[in-house]
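I have placed the structure first, in the form of structure tokens, so that the comments after it can refer back to it.
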Amino acid sequence: MADLEYREMQEVLRKHDFHFKKKYGQNFLIKPDLLHDIVDGAEVTDEDTVVEIGPGVGSLTRVLADRAKQVYAIEVDEKLIPILDETMAGYDNVTIINEDVLKADLTDIFAQGRVKVVANLPYYITTPIILGLLEKDLDFESITVMVQKEVAERMQAVPGTKDYGALTLAVGYYTDPQILFLVSPDSFMPQPKVGSAVISLKKKELTEQQRSDAKDIFTVVRAAFNQRRKSMVNALSNAGVLGRTKDEITEAVQEAGFDTNVRAEALTLDDFIRLTECLKR
Ligand code: SAM
């Protein structure tokens, strides 16, 4: 079916007396080429099930539905549901779910296999959405999403920089991140104040051991970065990480090969994995 043209989008919004809500991060894409670039970047095929977070009026949803086997679109704003019913009429492979993605139980959808997440994300909750998908260990092949440019850079940051943190490490543990392209504010209605980027996170094949180790590793990572200006020993002992005392933490940091003054941002993912092993001994 045809793309949702800008004029059609405006008409449907007017007809339903829709007002954009800042609190839901509503910046709708208005450039059809960009919608196709996102779906191309996600490499969606007719064998894929796609989970879209925040379909808005359904412009990306239509392009996805034309290419995927099945699309599940999760939208929190109930005012958009009658609009989506209208713009998606005629598609029998789209299910609209009126829920908050952070609260929705998506286990059954992800259990179907060959799931790709594709979205122009609401920027105010980008990090909890991505960390939620990663840390719940949901079975997806890839996540291809529009995010704020700075957040995309954080996902690809290197140790020792201010962008480097818990998000970088979680993304790097579970996926191979790659920024696909940058997007300017004039591609949206209304225009956001920030630049955007589309990033692809392809899921790595993890062993059972790596999957079960993740919980402790990220307990340590979060505790370390929650107080990133403090030394690792102080940050981890303030959090009482993994039930260890300050002396035990000092010993583990030394055993892992670090100075006791080392800070979280100096450690690579492999360093955190080794430190967690030492803390668990
Ligand atoms: N996909 C549309 C597009 O590209 O034009 C809209 C993208 S807009 C940046 C983000 C969308 O996410 C909005 O439709 C907003 O209502 C929805 N949204 C915001 N918070 C949400 C949440 N917690 N759960 C599900 N959807 C949410």
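Naming scheme: A, B, ... for chains in displayed order of the structure tokens; residues 1 onward per chain; ligands 1 onward as shown.
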Using only C-alpha atoms and all ligand atoms, what does the table of chain A residues within 6 Å of ligand 1 look like, with each row giving the shortest atom pair and its distance in Å to one decimal, sorted by chain and ascending number, as a Markdown table?
| residue | atom | partner | partner_atom_place_in_ligand_line | distance |
| --- | --- | --- | --- | --- |
| A:Tyr24 | CA | ligand 1 | 19 (C) | 4.0 |
| A:Gly25 | CA | ligand 1 | 10 (C) | 5.4 |
| A:Gln26 | CA | ligand 1 | 8 (S) | 4.2 |
| A:Asn27 | CA | ligand 1 | 9 (C) | 4.3 |
| A:Phe28 | CA | ligand 1 | 5 (O) | 3.2 |
| A:Leu29 | CA | ligand 1 | 5 (O) | 4.0 |
| A:Ile53 | CA | ligand 1 | 26 (N) | 5.5 |
| A:Gly54 | CA | ligand 1 | 12 (O) | 3.2 |
| A:Pro55 | CA | ligand 1 | 1 (N) | 3.8 |
| A:Gly56 | CA | ligand 1 | 14 (O) | 3.3 |
| A:Ser59 | CA | ligand 1 | 5 (O) | 5.8 |
| A:Leu60 | CA | ligand 1 | 1 (N) | 5.6 |
| A:Ile74 | CA | ligand 1 | 25 (C) | 5.3 |
| A:Glu75 | CA | ligand 1 | 26 (N) | 3.9 |
| A:Val76 | CA | ligand 1 | 25 (C) | 4.1 |
| A:Asp77 | CA | ligand 1 | 16 (O) | 5.0 |
| A:Asp100 | CA | ligand 1 | 24 (N) | 3.6 |
| A:Val101 | CA | ligand 1 | 24 (N) | 3.9 |
| A:Leu102 | CA | ligand 1 | 23 (N) | 5.8 |
| A:Asn120 | CA | ligand 1 | 4 (O) | 4.7 |
| A:Leu121 | CA | ligand 1 | 9 (C) | 5.0 |
| A:Pro122 | CA | ligand 1 | 10 (C) | 4.0 |
Long-range neighbours of Gln178 of chain A as a VMD selection string, 10 Å cut-off, only C-alpha atoms, 2 positions minimum in chain: chain A and resid 144 152 to 153 155 to 156 175 to 176 180 to 181 198 to 202
Long-range neighbours of segment 33-50 of chain A as a PyMOL selection string, 7 Å cut-off, only C-alpha atoms, 5 positions minimum in chain: chain A and resi 60+63-64+67-72+114-118+144
Can you list, as a compact mmCIF listing (two decimals) with N, CA, C and O atoms, in the first residue's frame, every residue of segment 103-207 of chain A that DSSP puts in helix (DSSP H, G or I)?
# COMPACT_ATOMS: atom_id res chain seq x y z
N THR A 107 6.87 -10.99 26.26
CA THR A 107 7.53 -12.29 26.17
C THR A 107 6.98 -13.16 25.04
O THR A 107 7.74 -13.74 24.27
N ASP A 108 5.64 -13.22 24.93
CA ASP A 108 5.04 -14.10 23.92
C ASP A 108 5.39 -13.65 22.50
O ASP A 108 5.62 -14.48 21.62
N ILE A 109 5.43 -12.34 22.30
CA ILE A 109 5.75 -11.83 20.96
C ILE A 109 7.19 -12.21 20.61
O ILE A 109 7.47 -12.73 19.53
N PHE A 110 8.12 -11.97 21.55
CA PHE A 110 9.52 -12.25 21.26
C PHE A 110 9.80 -13.74 21.14
O PHE A 110 10.76 -14.16 20.49
N TYR A 123 12.28 9.99 22.81
CA TYR A 123 13.64 10.22 23.34
C TYR A 123 13.71 10.24 24.87
O TYR A 123 14.75 9.95 25.43
N TYR A 124 12.58 10.59 25.53
CA TYR A 124 12.65 10.72 26.99
C TYR A 124 12.86 9.38 27.70
O TYR A 124 13.21 9.36 28.87
N ILE A 125 12.61 8.26 26.98
CA ILE A 125 12.80 6.95 27.62
C ILE A 125 13.65 6.00 26.76
O ILE A 125 13.55 4.79 26.88
N THR A 126 14.52 6.58 25.93
CA THR A 126 15.36 5.72 25.08
C THR A 126 16.18 4.72 25.90
O THR A 126 16.19 3.53 25.61
N THR A 127 16.87 5.22 26.93
CA THR A 127 17.77 4.34 27.68
C THR A 127 17.01 3.21 28.39
O THR A 127 17.36 2.04 28.22
N PRO A 128 15.93 3.51 29.17
CA PRO A 128 15.20 2.38 29.78
C PRO A 128 14.62 1.41 28.76
O PRO A 128 14.58 0.20 29.02
N ILE A 129 14.20 1.89 27.60
CA ILE A 129 13.66 0.95 26.59
C ILE A 129 14.77 0.00 26.12
O ILE A 129 14.62 -1.21 26.12
N ILE A 130 15.92 0.56 25.77
CA ILE A 130 17.01 -0.28 25.23
C ILE A 130 17.55 -1.21 26.31
O ILE A 130 17.71 -2.41 26.09
N LEU A 131 17.79 -0.66 27.51
CA LEU A 131 18.31 -1.53 28.59
C LEU A 131 17.29 -2.62 28.92
O LEU A 131 17.65 -3.76 29.19
N GLY A 132 16.00 -2.27 28.89
CA GLY A 132 14.94 -3.26 29.17
C GLY A 132 14.99 -4.40 28.15
O GLY A 132 14.97 -5.57 28.53
N LEU A 133 15.09 -4.06 26.87
CA LEU A 133 15.13 -5.11 25.84
C LEU A 133 16.37 -5.99 26.01
O LEU A 133 16.31 -7.20 25.87
N LEU A 134 17.49 -5.36 26.35
CA LEU A 134 18.74 -6.12 26.47
C LEU A 134 18.75 -6.98 27.74
O LEU A 134 19.03 -8.17 27.70
N GLU A 135 18.40 -6.37 28.85
CA GLU A 135 18.61 -7.06 30.13
C GLU A 135 17.50 -8.06 30.44
O GLU A 135 17.69 -8.96 31.26
N LYS A 149 21.07 12.00 18.79
CA LYS A 149 22.44 11.75 18.31
C LYS A 149 23.40 11.46 19.47
O LYS A 149 24.22 10.55 19.41
N GLU A 150 23.27 12.23 20.56
CA GLU A 150 24.17 12.05 21.71
C GLU A 150 24.02 10.65 22.32
O GLU A 150 24.99 10.08 22.82
N VAL A 151 22.81 10.13 22.30
CA VAL A 151 22.59 8.80 22.89
C VAL A 151 23.22 7.73 21.99
O VAL A 151 23.83 6.77 22.47
N ALA A 152 23.10 7.93 20.67
CA ALA A 152 23.74 7.00 19.73
C ALA A 152 25.25 7.00 19.97
O ALA A 152 25.90 5.95 19.98
N GLU A 153 25.81 8.19 20.22
CA GLU A 153 27.25 8.29 20.45
C GLU A 153 27.64 7.60 21.76
O GLU A 153 28.70 6.99 21.86
N ARG A 154 26.74 7.69 22.76
CA ARG A 154 27.03 7.01 24.04
C ARG A 154 27.09 5.50 23.84
O ARG A 154 27.87 4.81 24.49
N MET A 155 26.24 4.99 22.95
CA MET A 155 26.22 3.54 22.73
C MET A 155 27.52 3.06 22.10
O MET A 155 27.90 1.92 22.25
N ALA A 166 27.21 2.94 31.57
CA ALA A 166 26.48 1.67 31.70
C ALA A 166 25.77 1.31 30.38
O ALA A 166 25.73 0.13 30.00
N LEU A 167 25.24 2.33 29.68
CA LEU A 167 24.55 2.05 28.42
C LEU A 167 25.53 1.49 27.38
O LEU A 167 25.25 0.51 26.69
N THR A 168 26.72 2.11 27.29
CA THR A 168 27.75 1.64 26.35
C THR A 168 28.07 0.17 26.60
O THR A 168 28.16 -0.64 25.67
N LEU A 169 28.24 -0.16 27.89
CA LEU A 169 28.68 -1.51 28.23
C LEU A 169 27.58 -2.54 27.99
O LEU A 169 27.85 -3.63 27.49
N ALA A 170 26.33 -2.19 28.31
CA ALA A 170 25.23 -3.13 28.08
C ALA A 170 25.05 -3.36 26.58
O ALA A 170 24.91 -4.51 26.13
N VAL A 171 25.09 -2.28 25.81
CA VAL A 171 24.93 -2.40 24.36
C VAL A 171 26.08 -3.25 23.79
O VAL A 171 25.87 -4.13 22.95
N GLY A 172 27.29 -3.04 24.28
CA GLY A 172 28.45 -3.78 23.78
C GLY A 172 28.47 -5.24 24.21
O GLY A 172 29.02 -6.08 23.51
N TYR A 173 27.88 -5.53 25.36
CA TYR A 173 27.84 -6.93 25.85
C TYR A 173 26.90 -7.76 24.99
O TYR A 173 27.21 -8.89 24.62
N TYR A 174 25.73 -7.18 24.69
CA TYR A 174 24.69 -7.95 24.01
C TYR A 174 24.68 -7.80 22.49
O TYR A 174 24.11 -8.63 21.79
N PRO A 185 16.84 17.87 12.43
CA PRO A 185 15.56 18.16 13.08
C PRO A 185 14.42 18.45 12.10
O PRO A 185 13.26 18.19 12.41
N ASP A 186 14.75 18.97 10.89
CA ASP A 186 13.66 19.32 9.97
C ASP A 186 13.00 18.10 9.31
O ASP A 186 12.13 18.24 8.45
N SER A 187 13.38 16.91 9.74
CA SER A 187 12.74 15.69 9.23
C SER A 187 11.52 15.30 10.06
O SER A 187 10.88 14.29 9.79
Contacts of Asn234 of chain A at 9 Å (only C-alpha atoms; same-chain gap of 5+ positions) as a PyMOL selection string: chain A and resi 224+227+239+246+249-250+261
Which residue of A:Ala2, A:Ala235, A:Ala157, A:Val51 approaches Tyr91 of chain A most closely, using only C-alpha atoms: A:Ala2
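The shell of residues at most 10 Å from Thr268 of chain A, with only C-alpha atoms counted and near chain neighbours (fewer than 5 positions) removed, consists of Val158, Pro159, Gly160, Tyr164, Leu169, Ile273 and Arg274 of chain A.
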Save the residues we just selected, N, CA, C and O atoms, as an mmCIF file, in the first residue's frame?
data_model
loop_
_atom_site.group_PDB
_atom_site.id
_atom_site.type_symbol
_atom_site.label_atom_id
_atom_site.label_comp_id
_atom_site.auth_asym_id
_atom_site.auth_seq_id
_atom_site.Cartn_x
_atom_site.Cartn_y
_atom_site.Cartn_z
ATOM 1 N N VAL A 158 33.981 5.100 23.741
ATOM 2 C CA VAL A 158 35.149 4.317 24.143
ATOM 3 C C VAL A 158 35.525 4.686 25.580
ATOM 4 O O VAL A 158 35.194 5.785 26.049
ATOM 5 N N PRO A 159 36.222 3.767 26.299
ATOM 6 C CA PRO A 159 36.598 4.053 27.683
ATOM 7 C C PRO A 159 37.353 5.371 27.816
ATOM 8 O O PRO A 159 38.046 5.800 26.884
ATOM 9 N N GLY A 160 37.192 6.020 28.978
ATOM 10 C CA GLY A 160 37.936 7.245 29.259
ATOM 11 C C GLY A 160 37.237 8.499 28.778
ATOM 12 O O GLY A 160 37.731 9.603 28.986
ATOM 13 N N TYR A 164 31.074 7.472 27.845
ATOM 14 C CA TYR A 164 31.212 6.046 28.164
ATOM 15 C C TYR A 164 30.506 5.739 29.480
ATOM 16 O O TYR A 164 30.699 6.439 30.474
ATOM 17 N N LEU A 169 28.244 -0.161 27.886
ATOM 18 C CA LEU A 169 28.678 -1.511 28.232
ATOM 19 C C LEU A 169 27.577 -2.540 27.986
ATOM 20 O O LEU A 169 27.849 -3.635 27.487
ATOM 21 N N ILE A 273 34.151 -7.698 33.324
ATOM 22 C CA ILE A 273 33.846 -9.135 33.412
ATOM 23 C C ILE A 273 34.843 -9.789 34.379
ATOM 24 O O ILE A 273 34.475 -10.557 35.268
ATOM 25 N N ARG A 274 36.136 -9.418 34.236
ATOM 26 C CA ARG A 274 37.171 -10.001 35.111
ATOM 27 C C ARG A 274 36.969 -9.553 36.555
ATOM 28 O O ARG A 274 37.026 -10.348 37.483
#
